[in-house]
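This is upload-v1.pdb (PDB, C-alpha atoms).
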ATOM      1  CA  MET A  16      28.860  27.088  17.807
ATOM      2  CA  ILE A  17      28.368  23.987  19.946
ATOM      3  CA  TYR A  18      25.172  25.530  21.342
ATOM      4  CA  PHE A  19      23.831  26.052  17.832
ATOM      5  CA  TYR A  20      24.394  22.384  17.032
ATOM      6  CA  LEU A  21      22.891  21.234  20.353
ATOM      7  CA  VAL A  22      19.749  23.347  19.916
ATOM      8  CA  LEU A  23      19.414  22.209  16.299
ATOM      9  CA  PHE A  24      19.810  18.585  17.367
ATOM     10  CA  VAL A  25      17.194  18.781  20.119
ATOM     11  CA  VAL A  26      14.654  20.658  17.984
ATOM     12  CA  SER A  27      15.080  18.490  14.881
ATOM     13  CA  ALA A  28      15.133  15.205  16.847
ATOM     14  CA  SER A  29      11.939  16.259  18.666
ATOM     15  CA  ALA A  30      10.275  17.238  15.392
ATOM     16  CA  PHE A  31      11.350  13.938  13.802
ATOM     17  CA  ALA A  32       9.922  11.973  16.745
ATOM     18  CA  ALA A  33       6.643  13.934  16.541
ATOM     19  CA  ASP A  34       6.496  13.321  12.789
ATOM     20  CA  MET A  35       6.977   9.565  13.272
ATOM     21  CA  ILE A  36       4.284   9.465  15.979
ATOM     22  CA  LEU A  37       1.837  11.326  13.722
ATOM     23  CA  ARG A  38       2.774   9.157  10.734
ATOM     24  CA  TYR A  39       2.353   5.776  12.362
ATOM     25  CA  MET A  40      -0.322   6.453  14.981
ATOM     26  CA  GLU A  41      -2.511   9.105  13.378
ATOM     27  CA  LYS A  42      -1.667   8.439   9.688
ATOM     28  CA  ILE A  43      -0.727  12.093   9.146
ATOM     29  CA  LYS A  44       2.380  12.507   6.982
ATOM     30  CA  ASN A  45       4.765  15.473   7.210
ATOM     31  CA  PHE A  46       2.469  17.417   9.543
ATOM     32  CA  SER A  47      -0.105  17.446   6.673
ATOM     33  CA  MET A  48       2.325  19.272   4.371
ATOM     34  CA  GLU A  49       2.927  16.564   1.777
ATOM     35  CA  LYS A  50       4.292  18.683  -1.039
ATOM     36  CA  ARG A  51       7.954  18.757  -2.035
ATOM     37  CA  LEU A  52      10.178  21.407  -0.508
ATOM     38  CA  PHE A  53      12.218  22.031  -3.675
ATOM     39  CA  LYS A  54      11.124  21.992  -7.317
ATOM     40  CA  ILE A  55      14.565  21.466  -8.881
ATOM     41  CA  LYS A  56      15.241  18.349 -10.942
ATOM     42  CA  GLY A  57      18.581  17.207 -12.341
ATOM     43  CA  ALA A  58      18.571  16.301 -16.034
ATOM     44  CA  ASP A  59      21.032  13.401 -15.943
ATOM     45  CA  ILE A  60      22.354  13.318 -12.374
ATOM     46  CA  PRO A  61      19.799  13.208  -9.532
ATOM     47  CA  ALA A  62      21.366  16.172  -7.709
ATOM     48  CA  GLU A  63      17.975  17.075  -6.222
ATOM     49  CA  LYS A  64      18.312  14.001  -3.983
ATOM     50  CA  LEU A  65      21.048  15.843  -2.034
ATOM     51  CA  LEU A  66      18.406  18.228  -0.687
ATOM     52  CA  PRO A  67      15.577  17.085   1.606
ATOM     53  CA  GLU A  68      12.433  16.311  -0.416
ATOM     54  CA  ASN A  69       9.894  16.718   2.396
ATOM     55  CA  LEU A  70       9.653  17.700   6.061
ATOM     56  CA  THR A  71      10.638  14.262   7.342
ATOM     57  CA  MET A  72      13.866  14.311   5.340
ATOM     58  CA  LEU A  73      14.464  17.905   6.473
ATOM     59  CA  PHE A  74      14.366  16.677  10.076
ATOM     60  CA  VAL A  75      16.762  13.822   9.211
ATOM     61  CA  PHE A  76      19.059  16.304   7.445
ATOM     62  CA  CYS A  77      19.097  18.596  10.504
ATOM     63  CA  VAL A  78      19.680  15.721  12.955
ATOM     64  CA  VAL A  79      22.646  14.422  10.940
ATOM     65  CA  MET A  80      23.989  17.929  10.332
ATOM     66  CA  SER A  81      23.859  18.807  14.031
ATOM     67  CA  ALA A  82      25.321  15.439  15.130
ATOM     68  CA  THR A  83      28.264  15.772  12.752
ATOM     69  CA  GLY A  84      28.630  19.421  13.764
ATOM     70  CA  ILE A  85      28.894  18.371  17.422
ATOM     71  CA  LEU A  86      31.515  15.802  16.397
ATOM     72  CA  TYR A  87      33.513  18.434  14.501
ATOM     73  CA  GLU A  88      33.276  20.836  17.451
ATOM     74  CA  ALA A  89      34.588  18.079  19.735
ATOM     75  CA  LEU A  90      37.552  17.791  17.354
ATOM     76  CA  ASN A  91      38.116  21.580  17.721
ATOM     77  CA  MET A  92      37.376  22.351  14.067
ATOM     78  CA  LYS A  93      36.719  26.012  13.319
ATOM     79  CA  TRP A  94      33.060  26.935  12.804
ATOM     80  CA  TYR A  95      33.583  28.106   9.216
ATOM     81  CA  LEU A  96      34.797  24.595   8.355
ATOM     82  CA  SER A  97      32.459  22.586  10.581
ATOM     83  CA  LEU A  98      29.270  24.213   9.248
ATOM     84  CA  PRO A  99      29.731  23.297   5.553
ATOM     85  CA  CYS A 100      31.187  19.878   6.431
ATOM     86  CA  SER A 101      28.242  19.051   8.675
ATOM     87  CA  ALA A 102      25.803  20.272   5.998
ATOM     88  CA  ALA A 103      27.585  17.988   3.508
ATOM     89  CA  GLY A 104      27.101  15.101   5.939
ATOM     90  CA  GLY A 105      23.369  15.817   6.099
ATOM     91  CA  SER A 106      23.191  16.014   2.299
ATOM     92  CA  PHE A 107      25.034  12.703   1.986
ATOM     93  CA  VAL A 108      22.550  10.947   4.281
ATOM     94  CA  CYS A 109      19.625  12.529   2.361
ATOM     95  CA  PHE A 110      21.079  11.193  -0.881
ATOM     96  CA  ILE A 111      21.470   7.683   0.551
ATOM     97  CA  PHE A 112      17.886   7.587   1.827
ATOM     98  CA  GLN A 113      16.206   9.364  -1.086
ATOM     99  CA  TYR A 114      18.045   7.581  -3.870
ATOM    100  CA  PHE A 115      19.341   4.170  -2.840
ATOM    101  CA  VAL A 116      16.859   3.228  -0.101
ATOM    102  CA  GLU A 117      13.880   4.661  -2.010
ATOM    103  CA  ASN A 118      14.819   2.737  -5.182
ATOM    104  CA  ALA A 119      15.323  -0.477  -3.197
ATOM    105  CA  LEU A 120      11.906  -0.091  -1.549
ATOM    106  CA  LYS A 121      10.256   0.598  -4.914
ATOM    107  CA  THR A 122      11.830  -2.555  -6.331
ATOM    108  CA  ILE A 123      10.710  -4.652  -3.358
ATOM    109  CA  ARG A 124       7.139  -3.276  -3.504
ATOM    110  CA  GLY A 125       6.969  -3.460  -7.292
ATOM    111  CA  ASP A 126       6.269   0.284  -7.594
ATOM    112  CA  ASN A 127       8.778   0.858 -10.404
ATOM    113  CA  LEU A 128       7.447   1.932 -13.746
ATOM    114  CA  PRO A 129       7.079  -1.134 -16.013
ATOM    115  CA  LYS A 130       9.668  -1.676 -18.753
ATOM    116  CA  GLY A 131       9.543  -3.243 -22.202
ATOM    117  CA  ASP A 132       6.206  -4.612 -23.373
ATOM    118  CA  ASN A 133       4.818  -4.449 -19.829
ATOM    119  CA  ALA A 134       4.683  -0.661 -20.209
ATOM    120  CA  ALA A 135       1.857  -0.914 -22.751
ATOM    121  CA  GLY A 136      -1.354   0.774 -21.691
ATOM    122  CA  LEU A 137      -0.038   3.297 -19.178
ATOM    123  CA  ASP A 138      -2.046   6.517 -19.371
ATOM    124  CA  GLY A 139      -0.524   9.959 -19.105
ATOM    125  CA  TYR A 140      -0.110  13.343 -20.714
ATOM    126  CA  CYS A 141       2.609  15.255 -22.514
ATOM    127  CA  VAL A 142       4.667  17.739 -20.464
ATOM    128  CA  GLU A 143       7.248  18.585 -23.151
ATOM    129  CA  GLU A 144       6.159  18.698 -26.794
ATOM    130  CA  ILE A 145       7.216  15.762 -28.962
ATOM    131  CA  GLU A 146       8.099  16.591 -32.563
ATOM    132  CA  PRO A 147       7.865  13.963 -35.341
ATOM    133  CA  GLY A 148      11.038  11.866 -35.191
ATOM    134  CA  GLY A 149      12.112  13.622 -31.982
ATOM    135  CA  TRP A 150      11.514  13.107 -28.305
ATOM    136  CA  GLY A 151      10.105  14.952 -25.333
ATOM    137  CA  LYS A 152       8.747  14.178 -21.898
ATOM    138  CA  VAL A 153       5.473  12.687 -20.713
ATOM    139  CA  ARG A 154       4.026  12.094 -17.293
ATOM    140  CA  LEU A 155       2.701   8.541 -16.899
ATOM    141  CA  PHE A 156       0.491   7.161 -14.121
ATOM    142  CA  HIS A 157       1.191   3.789 -12.504
ATOM    143  CA  LYS A 158      -0.151   2.498  -9.166
ATOM    144  CA  GLU A 159      -1.438   5.916  -8.076
ATOM    145  CA  ARG A 160       1.950   7.563  -8.761
ATOM    146  CA  GLU A 161       3.163   9.928 -11.446
ATOM    147  CA  TYR A 162       6.399   9.354 -13.342
ATOM    148  CA  GLU A 163       7.976  11.883 -15.707
ATOM    149  CA  VAL A 164       9.874  10.008 -18.416
ATOM    150  CA  ASN A 165      11.527  10.578 -21.788
ATOM    151  CA  ALA A 166       9.203   9.673 -24.606
ATOM    152  CA  ALA A 167       8.995   9.475 -28.373
ATOM    153  CA  SER A 168       5.943   9.306 -30.594
ATOM    154  CA  ASP A 169       5.292   5.778 -31.824
ATOM    155  CA  GLY A 170       3.422   6.939 -34.918
ATOM    156  CA  GLU A 171       6.040   9.560 -35.910
ATOM    157  CA  LYS A 172       3.393  12.232 -35.245
ATOM    158  CA  SER A 173       3.746  15.295 -33.066
ATOM    159  CA  VAL A 174       2.269  15.311 -29.576
ATOM    160  CA  SER A 175       1.265  18.693 -28.163
ATOM    161  CA  LEU A 176       1.803  19.933 -24.652
ATOM    162  CA  GLY A 177      -0.918  18.633 -22.305
ATOM    163  CA  GLU A 178      -2.268  16.109 -24.802
ATOM    164  CA  LYS A 179      -3.364  12.746 -23.378
ATOM    165  CA  VAL A 180      -1.159   9.793 -24.348
ATOM    166  CA  VAL A 181      -0.992   6.035 -23.884
ATOM    167  CA  SER A 182       2.324   4.192 -23.772
ATOM    168  CA  VAL A 183       2.838   1.427 -26.314
ATOM    169  CA  TYR A 184       6.180   0.029 -25.103
ATOM    170  CA  GLU A 185       9.514   1.021 -23.561
ATOM    171  CA  SER A 186      12.936   0.558 -25.095
ATOM    172  CA  GLY A 187      16.297   1.946 -23.998
ATOM    173  CA  GLY A 188      14.790   4.251 -21.387
ATOM    174  CA  PHE A 189      12.325   5.794 -23.853
ATOM    175  CA  TYR A 190       8.594   5.233 -23.632
ATOM    176  CA  PHE A 191       6.952   5.162 -27.029
ATOM    177  CA  VAL A 192       3.531   6.763 -26.813
ATOM    178  CA  MET A 193       0.525   7.430 -28.995
ATOM    179  CA  ARG A 194      -2.106  10.099 -28.591
ATOM    180  CA  THR A 195      -5.295   8.698 -27.072
ATOM    181  CA  ASN A 196      -7.402   9.987 -29.957
ATOM    182  CA  GLU A 197      -5.240   7.923 -32.346
ATOM    183  CA  ILE A 198      -6.049   4.768 -30.381
ATOM    184  CA  TYR A 199      -9.608   5.354 -29.189
ATOM    185  CA  GLY A 200     -10.769   7.812 -31.831
ATOM    186  CA  ASP A 201     -12.731  10.936 -30.988
ATOM    187  CA  ALA A 202     -14.812   9.171 -28.309
ATOM    188  CA  GLU A 203     -12.148   9.965 -25.686
ATOM    189  CA  GLU A 204     -12.284  13.716 -26.244
TER     190      GLU A 204
END

Please lay out the structure from this file as structure tokens.
Amino acid sequence: MIYFYLVLFVVSASAFAADMILRYMEKIKNFSMEKRLFKIKGADIPAEKLLPENLTMLFVFCVVMSATGILYEALNMKWYLSLPCSAAGGSFVCFIFQYFVENALKTIRGDNLPKGDNAAGLDGYCVEEIEPGGWGKVRLFHKEREYEVNAASDGEKSVSLGEKVVSVYESGGFYFVMRTNEIYGDAEE
């Protein structure tokens, strides 16, 4: 099993180095494959952050997994224990980078979605229908990024799937939105 971990380490470390060279010298991210690897999304707990989101994080996952696997092999742990434990180590590092470090960088750069009254005027569209008096989900755009958030209708009117919305304000983690045709009239459509 030590050979498996060594080969995995060499291949993933080489791929990570190539990815960093392409990223910072040629401005090509993830070998031009910038989509997410997994489509799952946790409702309350960000469990999807345990899995690598893109190719770069997959390389980091494999490097950490193989390094911890080599450590476990040096401690004479059986392969059927070292493999899941090393995979858990890779998942732990993915979670740290993709949740804590990513949130810290967003805060430093100011990329977080605005809160309170500052959220007024964000454009988006409905991705989960909002019933009158109920809530659903909308996708809002801010600084060339998309954010899927919980939302409620500000005018106590229903918002259909795919309908364009504008946020009015945010309170308690909910973005209160209005349909664009309510605000701008029929000129928008």

Worksheet item: Quick one: distance from CA of Ile55 (chain A) to CA of Ser182 (chain A) in Å, one decimal?
Response: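 So the answer is 25.9 Å.
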
Could you tell me, as a PDB file with C-alpha atoms, in the coordinates of the input, exactly which residues end up selected when the PyMOL selection byres ((chain A and resi 50) around 12) is applied to this structure?
ATOM      1  CA  LYS A  44       2.380  12.507   6.982  1.00  0.00           C
ATOM      2  CA  ASN A  45       4.765  15.473   7.210  1.00  0.00           C
ATOM      3  CA  PHE A  46       2.469  17.417   9.543  1.00  0.00           C
ATOM      4  CA  SER A  47      -0.105  17.446   6.673  1.00  0.00           C
ATOM      5  CA  MET A  48       2.325  19.272   4.371  1.00  0.00           C
ATOM      6  CA  GLU A  49       2.927  16.564   1.777  1.00  0.00           C
ATOM      7  CA  ARG A  51       7.954  18.757  -2.035  1.00  0.00           C
ATOM      8  CA  LEU A  52      10.178  21.407  -0.508  1.00  0.00           C
ATOM      9  CA  PHE A  53      12.218  22.031  -3.675  1.00  0.00           C
ATOM     10  CA  LYS A  54      11.124  21.992  -7.317  1.00  0.00           C
ATOM     11  CA  PRO A  67      15.577  17.085   1.606  1.00  0.00           C
ATOM     12  CA  GLU A  68      12.433  16.311  -0.416  1.00  0.00           C
ATOM     13  CA  ASN A  69       9.894  16.718   2.396  1.00  0.00           C
ATOM     14  CA  LEU A  70       9.653  17.700   6.061  1.00  0.00           C
ATOM     15  CA  THR A  71      10.638  14.262   7.342  1.00  0.00           C
TER      16      THR A  71
END

Response to the item:
Students should find that CA of Ala82 (chain A) and CA of Leu98 (chain A) are spaced 11.3 Å

Interface rows for region 124-148 of chain A against region 153-158 of chain A: nearest pair, Å to one decimal, 7 Å, all atoms listed in the file, as a Markdown table:
| residue | atom | partner | partner_atom | distance |
| --- | --- | --- | --- | --- |
| A:Asp126 | CA | A:Lys158 | CA | 7.0 |
| A:Leu128 | CA | A:His157 | CA | 6.6 |
| A:Leu137 | CA | A:Leu155 | CA | 6.3 |
| A:Asp138 | CA | A:Leu155 | CA | 5.7 |
| A:Gly139 | CA | A:Leu155 | CA | 4.2 |
| A:Tyr140 | CA | A:Arg154 | CA | 5.5 |
| A:Cys141 | CA | A:Val153 | CA | 4.2 |
| A:Val142 | CA | A:Val153 | CA | 5.1 |
| A:Glu143 | CA | A:Val153 | CA | 6.6 |

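Once the PyMOL selection byres ((chain A and resi 110-116) around 9) is applied to the depicted file, the selected set reads Pro61, Ala62, Glu63, Lys64, Leu65, Leu66, Pro67, Glu68, Met72, Gly105, Ser106, Phe107, Val108, Cys109, Glu117, Asn118, Ala119, Leu120 and Lys121 of chain A.
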
Restrict the selected residues to C-alpha atoms and save them as a compact mmCIF listing (two decimals), in the frame of the given file.
# COMPACT_ATOMS: atom_id res chain seq x y z
CA PRO A 61 19.80 13.21 -9.53
CA ALA A 62 21.37 16.17 -7.71
CA GLU A 63 17.98 17.08 -6.22
CA LYS A 64 18.31 14.00 -3.98
CA LEU A 65 21.05 15.84 -2.03
CA LEU A 66 18.41 18.23 -0.69
CA PRO A 67 15.58 17.08 1.61
CA GLU A 68 12.43 16.31 -0.42
CA MET A 72 13.87 14.31 5.34
CA GLY A 105 23.37 15.82 6.10
CA SER A 106 23.19 16.01 2.30
CA PHE A 107 25.03 12.70 1.99
CA VAL A 108 22.55 10.95 4.28
CA CYS A 109 19.62 12.53 2.36
CA GLU A 117 13.88 4.66 -2.01
CA ASN A 118 14.82 2.74 -5.18
CA ALA A 119 15.32 -0.48 -3.20
CA LEU A 120 11.91 -0.09 -1.55
CA LYS A 121 10.26 0.60 -4.91

Item to complete: Extract, using all atoms listed in the file, all DNA, RNA and protein residues at most 7 Å from region 162-172 of chain A, discarding same-chain residues fewer than 3 positions from it, and format them as a list in words.
Response: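 Counting all atoms listed in the file, the residues come to Ile145, Glu146, Pro147, Gly148, Gly149, Trp150, Gly151, Lys152, Val153, Arg154, Leu155, Phe156, Phe189, Tyr190, Phe191, Val192 and Met193 of chain A.
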
Go through region 42-145 of chain A and flag each residue having an atom no more than 8 Å from region 22-27 of chain A; for those, report the closest pair of atoms plus their distance in Å to one decimal, using only C-alpha atoms, ordered by chain and rising number, as CSV.
residue,atom,partner,partner_atom,distance
A:Phe74,CA,A:Ser27,CA,5.2
A:Val75,CA,A:Ser27,CA,7.5
A:Cys77,CA,A:Ser27,CA,5.9
A:Val78,CA,A:Phe24,CA,5.3
A:Ser81,CA,A:Phe24,CA,5.3
A:Ala82,CA,A:Phe24,CA,6.7

Save N, CA, C and O atoms of region 138-158 of chain A from the block above as a compact mmCIF listing (two decimals), in the first residue's frame.
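Contents of the output file part21.txt:
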# COMPACT_ATOMS: atom_id res chain seq x y z
N ASP A 138 -29.84 42.39 -7.96
CA ASP A 138 -30.67 41.71 -8.95
C ASP A 138 -30.49 40.21 -8.86
O ASP A 138 -29.44 39.73 -8.43
N GLY A 139 -31.51 39.47 -9.29
CA GLY A 139 -31.42 38.03 -9.28
C GLY A 139 -32.66 37.41 -9.89
O GLY A 139 -33.44 38.07 -10.57
N TYR A 140 -32.83 36.12 -9.63
CA TYR A 140 -34.00 35.41 -10.11
C TYR A 140 -34.36 34.31 -9.13
O TYR A 140 -33.53 33.86 -8.34
N CYS A 141 -35.59 33.88 -9.19
CA CYS A 141 -36.12 32.90 -8.25
C CYS A 141 -35.73 31.48 -8.69
O CYS A 141 -35.91 31.12 -9.85
N VAL A 142 -35.20 30.69 -7.76
CA VAL A 142 -34.84 29.30 -8.07
C VAL A 142 -35.72 28.30 -7.31
O VAL A 142 -35.68 27.11 -7.59
N GLU A 143 -36.50 28.79 -6.35
CA GLU A 143 -37.46 27.96 -5.63
C GLU A 143 -38.67 28.85 -5.36
O GLU A 143 -38.56 29.88 -4.72
N GLU A 144 -39.82 28.46 -5.86
CA GLU A 144 -41.02 29.30 -5.82
C GLU A 144 -41.32 29.82 -4.40
O GLU A 144 -41.19 29.09 -3.43
N ILE A 145 -41.71 31.09 -4.35
CA ILE A 145 -42.04 31.74 -3.08
C ILE A 145 -43.54 31.97 -3.04
O ILE A 145 -44.09 32.68 -3.87
N GLU A 146 -44.21 31.33 -2.08
CA GLU A 146 -45.64 31.49 -1.90
C GLU A 146 -45.92 32.73 -1.04
O GLU A 146 -45.06 33.13 -0.26
N PRO A 147 -47.11 33.31 -1.14
CA PRO A 147 -47.43 34.46 -0.28
C PRO A 147 -47.34 34.08 1.19
O PRO A 147 -47.91 33.09 1.62
N GLY A 148 -46.57 34.85 1.95
CA GLY A 148 -46.39 34.57 3.37
C GLY A 148 -45.37 33.48 3.65
O GLY A 148 -45.05 33.20 4.80
N GLY A 149 -44.84 32.85 2.62
CA GLY A 149 -43.85 31.79 2.78
C GLY A 149 -42.47 32.24 2.33
O GLY A 149 -42.23 33.43 2.14
N TRP A 150 -41.59 31.28 2.15
CA TRP A 150 -40.26 31.61 1.69
C TRP A 150 -39.78 30.58 0.70
O TRP A 150 -40.33 29.50 0.58
N GLY A 151 -38.75 30.94 -0.03
CA GLY A 151 -38.15 30.06 -1.03
C GLY A 151 -36.68 30.44 -1.18
O GLY A 151 -36.07 30.96 -0.26
N LYS A 152 -36.15 30.21 -2.35
CA LYS A 152 -34.75 30.55 -2.61
C LYS A 152 -34.64 31.39 -3.87
O LYS A 152 -35.37 31.17 -4.83
N VAL A 153 -33.71 32.33 -3.83
CA VAL A 153 -33.39 33.14 -5.01
C VAL A 153 -31.89 33.11 -5.21
O VAL A 153 -31.12 32.83 -4.29
N ARG A 154 -31.49 33.39 -6.42
CA ARG A 154 -30.07 33.52 -6.74
C ARG A 154 -29.82 34.99 -7.03
O ARG A 154 -30.42 35.56 -7.93
N LEU A 155 -28.96 35.62 -6.21
CA LEU A 155 -28.65 37.04 -6.34
C LEU A 155 -27.25 37.21 -6.90
O LEU A 155 -26.36 36.39 -6.67
N PHE A 156 -27.04 38.31 -7.63
CA PHE A 156 -25.74 38.61 -8.23
C PHE A 156 -25.11 39.78 -7.49
O PHE A 156 -25.74 40.79 -7.24
N HIS A 157 -23.83 39.59 -7.12
CA HIS A 157 -23.08 40.66 -6.44
C HIS A 157 -21.60 40.51 -6.80
O HIS A 157 -21.01 39.45 -6.60
N LYS A 158 -21.03 41.56 -7.35
CA LYS A 158 -19.61 41.59 -7.75
C LYS A 158 -19.24 40.39 -8.62
O LYS A 158 -18.31 39.64 -8.33
